[in-house]
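Okay, protein12.pdb is below, PDB, C-alpha atoms:
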MODEL        1
ATOM      1  CA  MET A   1       0.000   0.000   0.000
ATOM      2  CA  ALA A   2       1.333   3.430  -0.949
ATOM      3  CA  THR A   3       2.237   5.659   1.975
ATOM      4  CA  VAL A   4       2.752   8.733  -0.237
ATOM      5  CA  THR A   5       0.304   9.577  -3.014
ATOM      6  CA  THR A   6       0.427  12.118  -5.832
ATOM      7  CA  ARG A   7      -2.086  13.803  -8.088
ATOM      8  CA  ARG A   8      -2.046  16.594 -10.617
ATOM      9  CA  GLY A   9      -3.899  19.829  -9.874
ATOM     10  CA  ALA A  10      -4.217  23.557 -10.596
ATOM     11  CA  SER A  11      -6.215  24.733 -13.571
ATOM     12  CA  ASN A  12      -3.321  24.300 -15.998
ATOM     13  CA  GLY A  13      -2.309  20.921 -14.567
ATOM     14  CA  GLY A  14       0.962  22.422 -13.397
ATOM     15  CA  GLU A  15       0.691  21.320  -9.772
ATOM     16  CA  LEU A  16       1.946  18.033  -8.377
ATOM     17  CA  ARG A  17       0.260  17.538  -5.026
ATOM     18  CA  ILE A  18       2.084  15.112  -2.764
ATOM     19  CA  THR A  19       0.058  13.739   0.139
ATOM     20  CA  LEU A  20       1.718  12.056   3.102
ATOM     21  CA  ASP A  21      -0.708   9.164   3.406
ATOM     22  CA  ARG A  22      -0.366   7.265   6.670
ATOM     23  CA  PRO A  23      -3.278   8.903   8.493
ATOM     24  CA  GLU A  24      -3.576   6.092  11.031
ATOM     25  CA  THR A  25      -0.114   7.086  12.352
ATOM     26  CA  MET A  26      -0.564  10.842  11.800
ATOM     27  CA  ASN A  27       1.708  10.403   8.764
ATOM     28  CA  ALA A  28       4.697   9.175  10.739
ATOM     29  CA  TRP A  29       7.880   8.399   8.807
ATOM     30  CA  THR A  30       9.311   4.963   8.111
ATOM     31  CA  PRO A  31      12.180   4.219   5.708
ATOM     32  CA  ASP A  32       9.690   3.002   3.055
ATOM     33  CA  PHE A  33       7.616   6.149   3.505
ATOM     34  CA  GLY A  34      10.777   8.220   3.060
ATOM     35  CA  ARG A  35      11.737   6.382  -0.110
ATOM     36  CA  GLU A  36       8.272   6.954  -1.599
ATOM     37  CA  LEU A  37       8.450  10.650  -0.762
ATOM     38  CA  LEU A  38      11.889  10.927  -2.350
ATOM     39  CA  ASP A  39      10.588   9.186  -5.494
ATOM     40  CA  ALA A  40       7.681  11.656  -5.693
ATOM     41  CA  LEU A  41      10.014  14.621  -5.434
ATOM     42  CA  ARG A  42      12.301  13.192  -8.111
ATOM     43  CA  GLU A  43       9.229  12.740 -10.312
ATOM     44  CA  ALA A  44       8.473  16.437  -9.886
ATOM     45  CA  GLN A  45      12.094  17.321 -10.593
ATOM     46  CA  ALA A  46      12.157  15.368 -13.859
ATOM     47  CA  ASP A  47       8.775  16.492 -15.210
ATOM     48  CA  ALA A  48       8.972  19.893 -16.903
ATOM     49  CA  SER A  49       5.177  20.181 -16.891
ATOM     50  CA  VAL A  50       5.206  20.357 -13.083
ATOM     51  CA  ARG A  51       5.462  24.039 -12.177
ATOM     52  CA  VAL A  52       4.661  23.893  -8.455
ATOM     53  CA  VAL A  53       4.701  21.176  -5.801
ATOM     54  CA  THR A  54       2.378  21.045  -2.805
ATOM     55  CA  ILE A  55       3.062  18.789   0.177
ATOM     56  CA  THR A  56       0.279  18.090   2.663
ATOM     57  CA  GLY A  57      -0.916  15.361   4.988
ATOM     58  CA  ALA A  58      -3.864  12.983   4.911
ATOM     59  CA  GLY A  59      -6.216  13.047   7.873
ATOM     60  CA  ARG A  60      -5.718  15.327  10.847
ATOM     61  CA  ALA A  61      -1.921  15.773  10.752
ATOM     62  CA  PHE A  62       0.763  17.040   8.425
ATOM     63  CA  SER A  63       3.298  14.644   9.952
ATOM     64  CA  SER A  64       3.986  13.461  13.496
ATOM     65  CA  GLY A  65       7.673  12.748  12.773
ATOM     66  CA  ALA A  66       9.482   9.413  12.888
ATOM     67  CA  ASP A  67       7.435   6.284  13.532
ATOM     68  CA  LEU A  68       8.974   5.061  16.779
ATOM     69  CA  SER A  69       6.846   1.928  16.744
ATOM     70  CA  ALA A  70       8.534   0.839  13.518
ATOM     71  CA  GLY A  71      12.039   1.379  14.871
ATOM     72  CA  PHE A  72      15.295   1.277  12.890
ATOM     73  CA  GLU A  73      17.445  -1.568  11.633
ATOM     74  CA  PRO A  74      20.433  -2.179  13.957
ATOM     75  CA  ASN A  75      23.924  -1.155  12.886
ATOM     76  CA  ALA A  76      27.096  -3.216  13.362
ATOM     77  CA  ASP A  77      27.216  -2.155  17.018
ATOM     78  CA  GLY A  78      23.651  -3.279  17.628
ATOM     79  CA  HIS A  79      22.305   0.247  18.017
ATOM     80  CA  PRO A  80      19.480   1.720  15.911
ATOM     81  CA  ASP A  81      21.003   2.709  12.579
ATOM     82  CA  VAL A  82      19.590   6.217  12.459
ATOM     83  CA  GLN A  83      22.522   7.577  10.469
ATOM     84  CA  SER A  84      21.939   5.388   7.418
ATOM     85  CA  ALA A  85      18.264   6.344   7.276
ATOM     86  CA  LEU A  86      19.209  10.016   7.423
ATOM     87  CA  ASP A  87      22.122   9.809   4.980
ATOM     88  CA  ASP A  88      20.456   7.543   2.435
ATOM     89  CA  VAL A  89      16.798   8.638   2.469
ATOM     90  CA  TYR A  90      15.658  11.439   4.758
ATOM     91  CA  HIS A  91      18.343  14.036   4.107
ATOM     92  CA  PRO A  92      18.298  13.534   0.316
ATOM     93  CA  ILE A  93      14.612  14.510   0.535
ATOM     94  CA  ILE A  94      15.621  17.830   2.076
ATOM     95  CA  THR A  95      18.327  18.598  -0.482
ATOM     96  CA  THR A  96      16.047  17.579  -3.372
ATOM     97  CA  LEU A  97      13.392  19.977  -2.076
ATOM     98  CA  ARG A  98      15.826  22.857  -1.973
ATOM     99  CA  GLU A  99      17.356  22.053  -5.378
ATOM    100  CA  LEU A 100      13.975  21.633  -7.092
ATOM    101  CA  PRO A 101      13.837  24.428  -9.729
ATOM    102  CA  LYS A 102      10.195  25.164  -8.974
ATOM    103  CA  PRO A 103       8.354  26.429  -5.883
ATOM    104  CA  VAL A 104       7.236  24.056  -3.135
ATOM    105  CA  VAL A 105       4.364  24.835  -0.769
ATOM    106  CA  ALA A 106       3.922  23.066   2.564
ATOM    107  CA  ALA A 107       0.187  22.962   3.305
ATOM    108  CA  VAL A 108       0.380  22.256   7.032
ATOM    109  CA  ASN A 109      -3.096  20.913   7.711
ATOM    110  CA  GLY A 110      -2.342  19.744  11.251
ATOM    111  CA  PRO A 111       0.541  18.999  13.630
ATOM    112  CA  ALA A 112       4.023  19.172  12.073
ATOM    113  CA  VAL A 113       6.387  17.468  14.493
ATOM    114  CA  GLY A 114      10.021  16.367  14.441
ATOM    115  CA  ILE A 115      11.194  15.588  10.939
ATOM    116  CA  GLY A 116       7.669  16.434   9.791
ATOM    117  CA  LEU A 117       8.434  20.016  10.805
ATOM    118  CA  SER A 118      11.845  19.787   9.121
ATOM    119  CA  LEU A 119      10.074  18.787   5.910
ATOM    120  CA  ALA A 120       7.686  21.735   6.085
ATOM    121  CA  LEU A 121      10.467  24.241   6.760
ATOM    122  CA  ALA A 122      12.522  22.947   3.822
ATOM    123  CA  CYS A 123       9.707  24.095   1.534
ATOM    124  CA  ASP A 124       9.612  27.599   0.059
ATOM    125  CA  LEU A 125       6.283  28.696   1.542
ATOM    126  CA  VAL A 126       4.563  27.314   4.640
ATOM    127  CA  ILE A 127       0.794  27.791   4.904
ATOM    128  CA  ALA A 128      -0.647  26.539   8.197
ATOM    129  CA  ARG A 129      -4.164  25.805   9.366
ATOM    130  CA  GLU A 130      -5.033  27.897  12.409
ATOM    131  CA  SER A 131      -5.558  24.824  14.596
ATOM    132  CA  ALA A 132      -2.179  23.298  13.648
ATOM    133  CA  PHE A 133       0.905  23.345  15.824
ATOM    134  CA  LEU A 134       4.622  22.937  15.128
ATOM    135  CA  MET A 135       7.053  21.155  17.407
ATOM    136  CA  LEU A 136      10.715  20.172  17.566
ATOM    137  CA  ALA A 137       9.997  17.074  19.616
ATOM    138  CA  PHE A 138      13.399  15.371  19.274
ATOM    139  CA  VAL A 139      14.584  16.328  22.760
ATOM    140  CA  ASN A 140      11.561  14.621  24.304
ATOM    141  CA  ILE A 141      13.044  11.247  23.345
ATOM    142  CA  GLY A 142      16.675  12.193  23.944
ATOM    143  CA  LEU A 143      17.588  13.114  20.370
ATOM    144  CA  VAL A 144      18.555  16.258  18.446
ATOM    145  CA  PRO A 145      16.930  18.032  15.467
ATOM    146  CA  ASP A 146      17.605  16.531  12.060
ATOM    147  CA  GLY A 147      16.217  16.881   8.557
ATOM    148  CA  GLY A 148      17.928  20.252   8.325
ATOM    149  CA  ALA A 149      15.985  21.684  11.274
ATOM    150  CA  SER A 150      19.192  22.874  12.930
ATOM    151  CA  LEU A 151      19.622  25.127   9.894
ATOM    152  CA  PHE A 152      16.068  26.052   8.888
ATOM    153  CA  VAL A 153      14.690  26.905  12.329
ATOM    154  CA  PRO A 154      17.336  29.470  13.374
ATOM    155  CA  ALA A 155      17.265  30.939   9.862
ATOM    156  CA  ARG A 156      13.555  31.625  10.313
ATOM    157  CA  VAL A 157      13.283  32.544  14.005
ATOM    158  CA  GLY A 158      16.800  33.338  15.265
ATOM    159  CA  LEU A 159      19.106  31.547  17.674
ATOM    160  CA  GLY A 160      17.197  32.335  20.860
ATOM    161  CA  ARG A 161      13.856  30.959  19.721
ATOM    162  CA  ALA A 162      15.532  28.050  17.937
ATOM    163  CA  SER A 163      17.245  27.099  21.211
ATOM    164  CA  GLU A 164      13.918  27.351  23.020
ATOM    165  CA  MET A 165      12.165  25.144  20.496
ATOM    166  CA  ALA A 166      14.958  22.560  20.371
ATOM    167  CA  MET A 167      15.684  22.363  24.104
ATOM    168  CA  LEU A 168      12.162  22.615  25.543
ATOM    169  CA  GLY A 169      10.386  20.627  22.843
ATOM    170  CA  GLU A 170       7.119  22.505  23.321
ATOM    171  CA  ARG A 171       4.219  22.986  20.933
ATOM    172  CA  ILE A 172       4.206  26.221  18.969
ATOM    173  CA  PRO A 173       0.599  27.004  17.966
ATOM    174  CA  ALA A 174       0.225  28.207  14.388
ATOM    175  CA  PRO A 175      -0.605  31.851  15.331
ATOM    176  CA  GLN A 176       2.546  32.006  17.461
ATOM    177  CA  ALA A 177       4.546  30.381  14.656
ATOM    178  CA  LEU A 178       3.349  33.165  12.340
ATOM    179  CA  GLU A 179       4.357  35.826  14.846
ATOM    180  CA  TRP A 180       7.814  34.274  15.114
ATOM    181  CA  GLY A 181       8.247  33.991  11.340
ATOM    182  CA  LEU A 182       8.275  30.214  11.397
ATOM    183  CA  VAL A 183       5.443  30.027   8.838
ATOM    184  CA  ASN A 184       4.364  32.409   6.089
ATOM    185  CA  ARG A 185       0.595  32.431   6.533
ATOM    186  CA  VAL A 186      -2.000  31.085   8.949
ATOM    187  CA  VAL A 187      -5.531  30.522   7.674
ATOM    188  CA  ALA A 188      -8.768  29.740   9.495
ATOM    189  CA  ASP A 189      -9.534  26.039   9.309
ATOM    190  CA  ALA A 190     -12.666  26.528   7.228
ATOM    191  CA  ASP A 191     -10.773  28.604   4.648
ATOM    192  CA  PHE A 192      -7.565  26.580   4.561
ATOM    193  CA  ASP A 193      -8.102  24.440   1.463
ATOM    194  CA  ARG A 194      -9.290  27.393  -0.604
ATOM    195  CA  ALA A 195      -6.356  29.563   0.512
ATOM    196  CA  VAL A 196      -3.846  26.842  -0.378
ATOM    197  CA  ASP A 197      -5.438  26.361  -3.795
ATOM    198  CA  GLU A 198      -5.245  30.099  -4.494
ATOM    199  CA  ILE A 199      -1.538  30.277  -3.663
ATOM    200  CA  VAL A 200      -0.789  27.137  -5.662
ATOM    201  CA  GLU A 201      -2.752  28.419  -8.664
ATOM    202  CA  ARG A 202      -0.787  31.664  -8.589
ATOM    203  CA  LEU A 203       2.521  29.813  -8.512
ATOM    204  CA  ALA A 204       1.466  27.262 -11.148
ATOM    205  CA  THR A 205       0.709  30.065 -13.610
ATOM    206  CA  GLY A 206       3.621  32.309 -12.617
ATOM    207  CA  PRO A 207       7.161  32.774 -13.975
ATOM    208  CA  THR A 208       8.621  29.362 -13.187
ATOM    209  CA  ARG A 209      12.167  30.266 -14.223
ATOM    210  CA  SER A 210      12.012  33.346 -12.017
ATOM    211  CA  TYR A 211      11.045  31.175  -9.050
ATOM    212  CA  ALA A 212      13.950  28.837  -9.839
ATOM    213  CA  GLY A 213      16.346  31.786  -9.910
ATOM    214  CA  ILE A 214      15.010  33.070  -6.589
ATOM    215  CA  LYS A 215      15.616  29.674  -5.026
ATOM    216  CA  ARG A 216      19.166  29.595  -6.364
ATOM    217  CA  GLU A 217      19.891  32.992  -4.825
ATOM    218  CA  LEU A 218      18.353  32.146  -1.460
ATOM    219  CA  ASN A 219      20.074  28.767  -1.382
ATOM    220  CA  ALA A 220      23.441  30.405  -2.050
ATOM    221  CA  TRP A 221      22.891  32.562   1.022
ATOM    222  CA  LEU A 222      21.233  30.048   3.324
ATOM    223  CA  LEU A 223      22.503  26.641   2.274
ATOM    224  CA  ARG A 224      26.162  27.108   1.467
ATOM    225  CA  GLY A 225      27.053  24.558   4.150
ATOM    226  CA  ILE A 226      23.959  22.371   4.081
ATOM    227  CA  GLU A 227      25.762  19.125   3.235
ATOM    228  CA  ASP A 228      28.111  19.606   6.198
ATOM    229  CA  GLN A 229      25.190  20.518   8.456
ATOM    230  CA  LEU A 230      23.160  17.488   7.439
ATOM    231  CA  GLY A 231      26.229  15.307   7.931
ATOM    232  CA  LEU A 232      26.665  16.738  11.428
ATOM    233  CA  GLU A 233      23.011  16.135  12.257
ATOM    234  CA  ALA A 234      23.267  12.503  11.155
ATOM    235  CA  ALA A 235      26.485  11.920  13.103
ATOM    236  CA  VAL A 236      25.201  13.475  16.333
ATOM    237  CA  GLN A 237      21.875  11.676  15.986
ATOM    238  CA  GLN A 238      23.713   8.356  15.652
ATOM    239  CA  GLU A 239      25.713   9.091  18.802
ATOM    240  CA  LEU A 240      22.506   9.733  20.700
ATOM    241  CA  ALA A 241      20.752   6.680  19.234
ATOM    242  CA  ALA A 242      23.232   4.642  21.273
ATOM    243  CA  SER A 243      22.433   6.484  24.507
ATOM    244  CA  SER A 244      20.474   5.256  27.493
ATOM    245  CA  ASP A 245      18.368   8.397  27.362
ATOM    246  CA  PHE A 246      17.169   7.589  23.843
ATOM    247  CA  ALA A 247      16.230   4.046  24.898
ATOM    248  CA  GLU A 248      14.326   5.495  27.836
ATOM    249  CA  GLY A 249      12.683   8.144  25.669
ATOM    250  CA  VAL A 250      11.386   5.558  23.202
ATOM    251  CA  GLU A 251      10.207   3.228  25.977
ATOM    252  CA  ALA A 252       8.401   6.091  27.720
ATOM    253  CA  PHE A 253       6.800   7.169  24.448
ATOM    254  CA  ARG A 254       5.498   3.676  23.774
ATOM    255  CA  ALA A 255       4.239   3.348  27.362
ATOM    256  CA  LYS A 256       2.683   6.843  27.209
ATOM    257  CA  ARG A 257       4.482   7.993  30.331
ATOM    258  CA  ARG A 258       6.916  10.751  31.222
ATOM    259  CA  PRO A 259      10.555   9.752  30.526
ATOM    260  CA  GLU A 260      13.073   9.592  33.361
ATOM    261  CA  PHE A 261      16.333  10.705  31.741
ATOM    262  CA  GLY A 262      19.599   9.881  33.488
ATOM    263  CA  GLY A 263      21.799  12.134  31.379
ATOM    264  CA  ALA A 264      23.712   9.287  29.703
TER     265      ALA A 264
ENDMDL
END

Encoded form (structure tokens):
Amino acid sequence: MATVTTRRGASNGGELRITLDRPETMNAWTPDFGRELLDALREAQADASVRVVTITGAGRAFSSGADLSAGFEPNADGHPDVQSALDDVYHPIITTLRELPKPVVAAVNGPAVGIGLSLALACDLVIARESAFLMLAFVNIGLVPDGGASLFVPARVGLGRASEMAMLGERIPAPQALEWGLVNRVVADADFDRAVDEIVERLATGPTRSYAGIKRELNAWLLRGIEDQLGLEAAVQQELAASSDFAEGVEAFRAKRRPEFGGA
């Protein structure tokens, strides 16, 4: 069963709408899910008739982040092999998004958490439903931001608020996210679909090469060191995947209780 679906939209057929389609898990990520998402983005990259990409979630969430119930394959040391998943699948999604020579809209229809938030912030425009919230939840299971979040969040909100989000792991309601500059627009729930369609239609019929040039300029400023940053995220995440605190964080999450971190 597909965990990521695509369809063509906009009046000129220039939109590729990508839907994260695991609603029963609030669109949580697994390696297969990541591979399907990467394939969809590469489809958009190769198809010249696609002039705008929209990413949204099925059901009540945009994405709840990594699927902790699915786990990760063990590495040679017997620890969860988080680094391979990041290096081989998840981080290539982020770089493909940024290199795509056409605009990408994140239609955040509900909670965007963990790498789900990283995905949204890697897009060019973030439109959020008023009832949605955003959250860097990594610290709550003893991990660190990945998916480029350590780059995208401070670029949008500054070091102080990025530190607050990363270290406290609290929900940021959509109106607050707009005030901070974390998202571009917040729309009342009842008007959300229409507002997204209007933005997408405008981009699908706009100057596609101009948008590509804008992305190149912004990437040159923002992403000069993105490969190094993503490599650092993957390396640090792998260190922490071997920690007792991560094991406790996952166990507490599965048991729906508060974790008791020991600092190791």

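The coordinates place CA of Asp47 in chain A at 10.9 Å from CA of Pro101 in chain A.
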
- Item | Result set of the PyMOL selection byres ((chain A and resi 10-23) around 6) on the coordinates above, as a PyMOL selection string | chain A and resi 3-9+24-27+49-59+201+204

With C-alpha atoms retained, write the just-selected residues as a CSV table (one decimal), keeping the file's coordinate frame.
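Listing of out15.csv after writing:
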chain,number,residue,atom,x,y,z
A,3,THR,CA,2.2,5.7,2.0
A,4,VAL,CA,2.8,8.7,-0.2
A,5,THR,CA,0.3,9.6,-3.0
A,6,THR,CA,0.4,12.1,-5.8
A,7,ARG,CA,-2.1,13.8,-8.1
A,8,ARG,CA,-2.0,16.6,-10.6
A,9,GLY,CA,-3.9,19.8,-9.9
A,24,GLU,CA,-3.6,6.1,11.0
A,25,THR,CA,-0.1,7.1,12.4
A,26,MET,CA,-0.6,10.8,11.8
A,27,ASN,CA,1.7,10.4,8.8
A,49,SER,CA,5.2,20.2,-16.9
A,50,VAL,CA,5.2,20.4,-13.1
A,51,ARG,CA,5.5,24.0,-12.2
A,52,VAL,CA,4.7,23.9,-8.5
A,53,VAL,CA,4.7,21.2,-5.8
A,54,THR,CA,2.4,21.0,-2.8
A,55,ILE,CA,3.1,18.8,0.2
A,56,THR,CA,0.3,18.1,2.7
A,57,GLY,CA,-0.9,15.4,5.0
A,58,ALA,CA,-3.9,13.0,4.9
A,59,GLY,CA,-6.2,13.0,7.9
A,201,GLU,CA,-2.8,28.4,-8.7
A,204,ALA,CA,1.5,27.3,-11.1

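Candidate residues A:Ala234, A:Leu182, A:Pro92, A:Pro145 were compared for distance to Arg161 in chain A, and the nearest is A:Leu182, using all atoms listed in the file.
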
- Message: I want to know what sits within 12 Å of Glu217 in chain A, based on all atoms listed in the file, with residues of the same chain fewer than 6 positions away left out; could you give that as a ChimeraX atom specification?
- Response: /A:98-99,101,210-211,223-224

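For the structure in this document, the set picked by the PyMOL selection byres ((chain A and resi 253-260) around 8) is A:Leu68, A:Ser69, A:Asn140, A:Ile141, A:Glu248, A:Gly249, A:Val250, A:Glu251, A:Ala252, A:Phe261, A:Gly262.
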
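CA of Gly142 in chain A is found 17.4 Å from CA of Ala70 in chain A.
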
Padding of 3 Å on every side, edges along x, y and z, all listed atoms of range 6-18 of chain A included: what centre and edge lengths in Å, to one decimal, does that box have, as AutoDock Vina command-line options?
--center_x -2.1 --center_y 18.4 --center_z -9.4 --size_x 14.3 --size_y 18.6 --size_z 19.2

- Query: Could you state the separation of CA of Pro207 in chain A and CA of Trp221 in chain A in Å, given to one decimal place?
  - Reply: 21.7 Å

- Note on the structure: Restricting to only C-alpha atoms, whichever of A:Lys102, A:Arg35, A:Arg129, A:His79 is closest to Asp191 in chain A is A:Arg129
